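Source file: start-v8.cif (mmCIF, C-alpha atoms)
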```
data_structure
loop_
_atom_site.label_atom_id
_atom_site.label_comp_id
_atom_site.auth_asym_id
_atom_site.auth_seq_id
_atom_site.Cartn_x
_atom_site.Cartn_y
_atom_site.Cartn_z
CA MET C 1 75.26 98.85 46.72
CA LYS C 2 76.28 95.71 44.85
CA ARG C 3 76.70 93.83 48.14
CA LEU C 4 73.25 94.98 49.29
CA SER C 5 71.63 93.76 46.08
CA MET C 6 73.36 90.37 46.44
CA LEU C 7 72.07 90.10 50.00
CA LEU C 8 68.58 90.94 48.81
CA VAL C 9 68.61 88.33 46.05
CA SER C 10 70.09 85.73 48.39
CA GLY C 11 67.35 86.47 50.88
CA ALA C 12 64.64 86.28 48.23
CA LEU C 13 65.91 82.99 46.89
CA ALA C 14 66.50 81.64 50.40
CA VAL C 15 62.83 82.20 51.14
CA SER C 16 61.90 80.26 48.01
CA ALA C 17 64.38 77.56 48.92
CA HIS C 18 62.31 76.86 52.03
CA ALA C 19 58.99 76.96 50.19
CA VAL C 20 56.62 74.16 50.94
CA ASP C 21 55.37 73.70 47.42
CA TRP C 22 58.22 72.44 45.23
CA SER C 23 56.68 70.45 42.40
CA LYS C 24 58.83 68.12 40.29
CA VAL C 25 58.39 68.98 36.62
CA SER C 26 61.09 67.07 34.75
CA GLU C 27 64.19 64.93 34.99
CA SER C 28 67.08 65.27 32.55
CA PRO C 29 68.90 62.33 30.94
CA THR C 30 71.83 63.04 33.29
CA GLY C 31 69.61 62.63 36.37
CA SER C 32 69.07 66.28 37.34
CA ILE C 33 65.61 66.97 38.74
CA PHE C 34 63.87 70.25 37.85
CA SER C 35 61.14 71.61 40.12
CA LEU C 36 58.93 74.71 40.31
CA ASP C 37 57.99 76.49 43.50
CA LEU C 38 54.27 76.80 42.87
CA GLU C 39 53.92 79.34 45.69
CA SER C 40 56.38 81.71 43.99
CA ILE C 41 54.49 82.06 40.70
CA GLU C 42 53.04 85.54 40.40
CA SER C 43 52.41 88.36 37.99
CA SER C 44 55.44 90.58 37.46
CA ASP C 45 55.43 94.36 37.55
CA ILE C 46 58.62 94.50 35.48
CA ASN C 47 57.92 96.22 32.18
CA ILE C 48 59.61 95.23 28.95
CA ILE C 49 60.17 98.48 27.07
CA ASP C 50 59.44 97.18 23.57
CA GLU C 51 56.39 95.09 24.53
CA LYS C 52 53.96 97.02 26.71
CA ASP C 53 50.81 94.86 26.68
CA VAL C 54 52.28 91.51 27.73
CA GLU C 55 51.84 90.17 31.24
CA ASN C 56 54.94 88.38 32.47
CA ILE C 57 55.26 86.16 35.51
CA THR C 58 58.06 85.40 37.94
CA VAL C 59 58.83 81.93 39.25
CA SER C 60 61.48 80.20 41.31
CA ILE C 61 62.90 76.98 39.92
CA ARG C 62 65.24 74.44 41.44
CA ARG C 63 67.66 72.08 39.74
CA THR C 64 68.81 69.26 41.98
CA TYR C 65 71.92 67.53 40.70
CA PRO C 66 72.42 63.78 41.08
CA THR C 67 74.82 62.77 43.81
CA GLN C 68 78.11 61.45 42.59
CA THR C 69 79.41 58.21 44.05
CA ASN C 70 83.12 57.60 44.63
CA GLU C 71 83.10 55.04 41.80
CA THR C 72 81.68 57.64 39.41
CA LYS C 73 84.36 60.15 40.46
CA VAL C 74 87.10 57.61 39.69
CA ASP C 75 85.54 56.81 36.29
CA ASN C 76 85.31 60.51 35.47
CA ALA C 77 88.93 61.07 36.44
CA LYS C 78 90.01 58.45 33.88
CA LYS C 79 88.13 60.19 31.07
CA ASP C 80 90.52 63.06 30.36
CA ASN C 81 88.97 63.95 27.03
CA VAL C 82 85.40 64.08 28.32
CA LYS C 83 84.06 67.52 29.14
CA LYS C 84 83.18 67.48 32.84
CA ASP C 85 79.87 68.84 34.05
CA LYS C 86 80.67 72.08 35.86
CA ALA C 87 78.10 71.32 38.53
CA LYS C 88 79.76 68.03 39.41
CA LYS C 89 83.20 69.63 39.41
CA ASP C 90 82.02 72.34 41.79
CA ASN C 91 80.05 69.86 43.94
CA ILE C 92 76.80 71.76 43.47
CA HIS C 93 73.93 69.99 45.19
CA HIS C 94 71.18 72.24 43.86
CA SER C 95 70.66 75.58 42.18
CA ASP C 96 67.74 77.94 42.76
CA GLN C 97 66.91 80.47 40.07
CA GLN C 98 64.38 83.22 39.66
CA LEU C 99 62.99 83.58 36.15
CA LEU C 100 60.90 86.24 34.49
CA ILE C 101 58.71 84.37 31.99
CA SER C 102 56.75 85.51 28.96
CA CYS C 103 53.97 82.96 28.45
CA LYS C 104 53.18 84.60 25.10
CA ASP C 105 56.24 83.12 23.38
CA ALA C 106 57.58 80.62 25.96
CA SER C 107 60.65 82.72 26.69
CA TYR C 108 62.42 83.62 29.92
CA TYR C 109 64.95 85.97 31.45
CA ARG C 110 67.06 84.69 34.33
CA ARG C 111 66.97 87.36 37.04
CA ALA C 112 69.07 85.62 39.69
CA TYR C 113 70.52 82.33 40.89
CA VAL C 114 72.13 80.79 43.94
CA ASN C 115 74.15 77.56 43.76
CA TYR C 116 74.25 75.45 46.91
CA GLY C 117 76.61 72.72 48.04
CA ALA C 118 76.25 70.23 50.85
CA LYS C 119 74.23 71.41 53.86
CA ASP C 120 72.89 74.35 51.81
CA LYS C 121 76.25 76.13 51.78
CA VAL C 122 76.13 78.95 49.21
CA LEU C 123 78.78 78.35 46.56
CA ALA C 124 77.92 81.12 44.12
CA SER C 125 75.21 83.68 43.48
CA TRP C 126 74.34 86.23 40.85
CA GLN C 127 71.67 88.85 40.24
CA SER C 128 70.96 90.74 37.05
CA GLU C 129 71.83 94.41 37.29
CA LYS C 130 69.89 95.38 34.16
CA PRO C 131 67.49 98.20 35.07
CA ILE C 132 65.62 97.99 31.74
CA LEU C 133 64.72 94.86 29.77
CA THR C 134 63.76 94.36 26.14
CA THR C 135 62.46 91.29 24.35
CA LYS C 136 66.02 90.68 23.13
CA ASP C 137 67.03 89.91 26.73
CA PHE C 138 64.70 86.90 26.79
CA ARG C 139 65.70 83.40 25.67
CA THR C 140 63.05 81.54 23.70
CA THR C 141 62.80 77.92 24.75
CA THR C 142 62.96 75.05 22.29
CA PRO C 143 60.01 72.61 22.09
CA ASN C 144 60.46 69.25 23.84
CA THR C 145 63.19 70.48 26.20
CA VAL C 146 63.37 70.79 29.98
CA GLY C 147 63.36 74.58 29.61
CA ARG C 148 60.15 74.59 27.58
CA THR C 149 58.52 72.14 29.99
CA LEU C 150 59.36 74.38 32.96
CA VAL C 151 58.05 77.51 31.22
CA GLU C 152 54.84 75.82 30.07
CA GLN C 153 54.17 74.34 33.52
CA ALA C 154 54.73 77.72 35.21
CA CYS C 155 52.35 79.41 32.76
CA LYS C 156 49.74 76.68 33.18
CA SER C 157 49.93 76.90 36.98
CA TYR C 158 49.62 80.69 36.83
CA GLU C 159 46.58 80.52 34.52
CA GLN C 160 44.89 77.94 36.77
CA ALA C 161 45.49 80.10 39.83
CA GLN C 162 43.97 83.10 38.02
CA GLU C 163 40.87 81.09 37.05
CA ASN C 164 40.41 79.90 40.64
CA ALA C 165 40.88 83.38 42.16
#
```
Entire entry expressed as structure tokens:
Amino acid sequence: MKRLSMLLVSGALAVSAHAVDWSKVSESPTGSIFSLDLESIESSDINIIDEKDVENITVSIRRTYPTQTNETKVDNAKKDNVKKDKAKKDNIHHSDQQLLISCKDASYYRRAYVNYGAKDKVLASWQSEKPILTTKDFRTTTPNTVGRTLVEQACKSYEQAQENA
């Protein structure tokens, strides 16, 4: 059963990975680019047991990591005391995630992710196995961060789509 669920999440995220509507939202100080798949934004039928009257949305996001040059790798090797970025260490090219978002309080719950290496080789994947969610499962984003920017842009895009429907 666990293997089947992993195949399902990989398939769902693989579809979003080939979406035609990735929209760049933000770039981090380290050079990672964060994008939303505007085609994936939709109302969610997942109920949060302690908050019945809130409409949540789902969205696929992508984080594309900067490529590391050989010179950068040598410099990093010399810095023994510097904490290495796990993504660089694992040679992750990009990571696709599916989030459940509450626009009410700018919070999110990560439902699944797939990390890809060169040539879209899957390096790691994960899917939440929680059958029931509460508001405590959600992470509230901090103002003026990449996370908040992604959540706000997803909510704005969803609201615009609803107005135009």
Would you list the contacts of range 48-55 of chain C as an mmCIF file with C-alpha atoms, keeping the file's coordinate frame, taking every protein, DNA or RNA residue within 9 Å and counting only C-alpha atoms, but skipping same-chain residues closer than 4 positions in sequence?
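Full text of around_1.cif as output:
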```
data_model
loop_
_atom_site.group_PDB
_atom_site.id
_atom_site.type_symbol
_atom_site.label_atom_id
_atom_site.label_comp_id
_atom_site.auth_asym_id
_atom_site.auth_seq_id
_atom_site.Cartn_x
_atom_site.Cartn_y
_atom_site.Cartn_z
ATOM 1 C CA SER C 43 52.410 88.360 37.990
ATOM 2 C CA SER C 44 55.440 90.580 37.460
ATOM 3 C CA SER C 102 56.750 85.510 28.960
ATOM 4 C CA CYS C 103 53.970 82.960 28.450
ATOM 5 C CA LYS C 104 53.180 84.600 25.100
ATOM 6 C CA ILE C 132 65.620 97.990 31.740
ATOM 7 C CA LEU C 133 64.720 94.860 29.770
ATOM 8 C CA THR C 134 63.760 94.360 26.140
ATOM 9 C CA THR C 135 62.460 91.290 24.350
#
```
With the file shown as input, list the residues that the PyMOL selection byres ((chain C and resi 99) around 8) selects, as a PDB file with C-alpha atoms, keeping the file's coordinate frame.
```
ATOM      1  CA  THR C  58      58.060  85.400  37.940  1.00  0.00           C
ATOM      2  CA  VAL C  59      58.830  81.930  39.250  1.00  0.00           C
ATOM      3  CA  SER C  60      61.480  80.200  41.310  1.00  0.00           C
ATOM      4  CA  ILE C  61      62.900  76.980  39.920  1.00  0.00           C
ATOM      5  CA  GLN C  97      66.910  80.470  40.070  1.00  0.00           C
ATOM      6  CA  GLN C  98      64.380  83.220  39.660  1.00  0.00           C
ATOM      7  CA  LEU C 100      60.900  86.240  34.490  1.00  0.00           C
ATOM      8  CA  ILE C 101      58.710  84.370  31.990  1.00  0.00           C
ATOM      9  CA  TYR C 108      62.420  83.620  29.920  1.00  0.00           C
ATOM     10  CA  TYR C 109      64.950  85.970  31.450  1.00  0.00           C
ATOM     11  CA  ARG C 110      67.060  84.690  34.330  1.00  0.00           C
ATOM     12  CA  ARG C 111      66.970  87.360  37.040  1.00  0.00           C
ATOM     13  CA  ALA C 112      69.070  85.620  39.690  1.00  0.00           C
TER      14      ALA C 112
END
```
I'd like the residues picked by the PyMOL selection byres ((chain C and resi 125) around 6) written out as a CSV table (one decimal) with C-alpha atoms, keeping the file's coordinate frame, using the chain letters and numbers from the file.
```
chain,number,residue,atom,x,y,z
C,113,TYR,CA,70.5,82.3,40.9
C,114,VAL,CA,72.1,80.8,43.9
C,124,ALA,CA,77.9,81.1,44.1
C,126,TRP,CA,74.3,86.2,40.8
```
Using CA of Glu129 in chain C and CA of Gly117 in chain C as the two end points, give the distance in Å to one decimal.
->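 Taking CA of Glu129 in chain C as the start and CA of Gly117 in chain C as the end point, the length is 24.7 Å.
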Got a sec to resolve the PyMOL selection byres ((chain C and resi 138-150) around 8) on this structure and send the residues as a list in words?
-> Val25, Ser26, Glu27, Ser28, Phe34, Ser35, Leu36, Asp105, Ala106, Ser107, Tyr108, Tyr109, Thr134, Thr135, Lys136, Asp137, Val151, Glu152, Gln153 and Ala154 of chain C
Hey, can you check how far CA of Pro29 in chain C sits from CA of Ile41 in chain C?
->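 CA of Ile41 in chain C lies 26.3 Å from CA of Pro29 in chain C.
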Polymer residues at most 12 Å from (70.5, 60.2, 36.4) by only C-alpha atoms, as a PyMOL selection string = chain C and resi 26-33+64-69+72
From the set C:Ser157, C:Ala165, C:Asn56, C:Asn91, which residue has the shortest atom-to-atom contact distance to Asp37 in chain C, counting all atoms listed in the file?
->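 Looking only at the distances to Asp37 in chain C, the closest residue turns out to be C:Ser157.
Here CA of Leu123 in chain C is placed at a distance of 27.1 Å from CA of Ile57 in chain C.
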For Leu38 in chain C, which residue out of C:Lys24, C:Asn115, C:Val122, C:His94 is the nearest one, using all atoms listed in the file?
-> C:Lys24
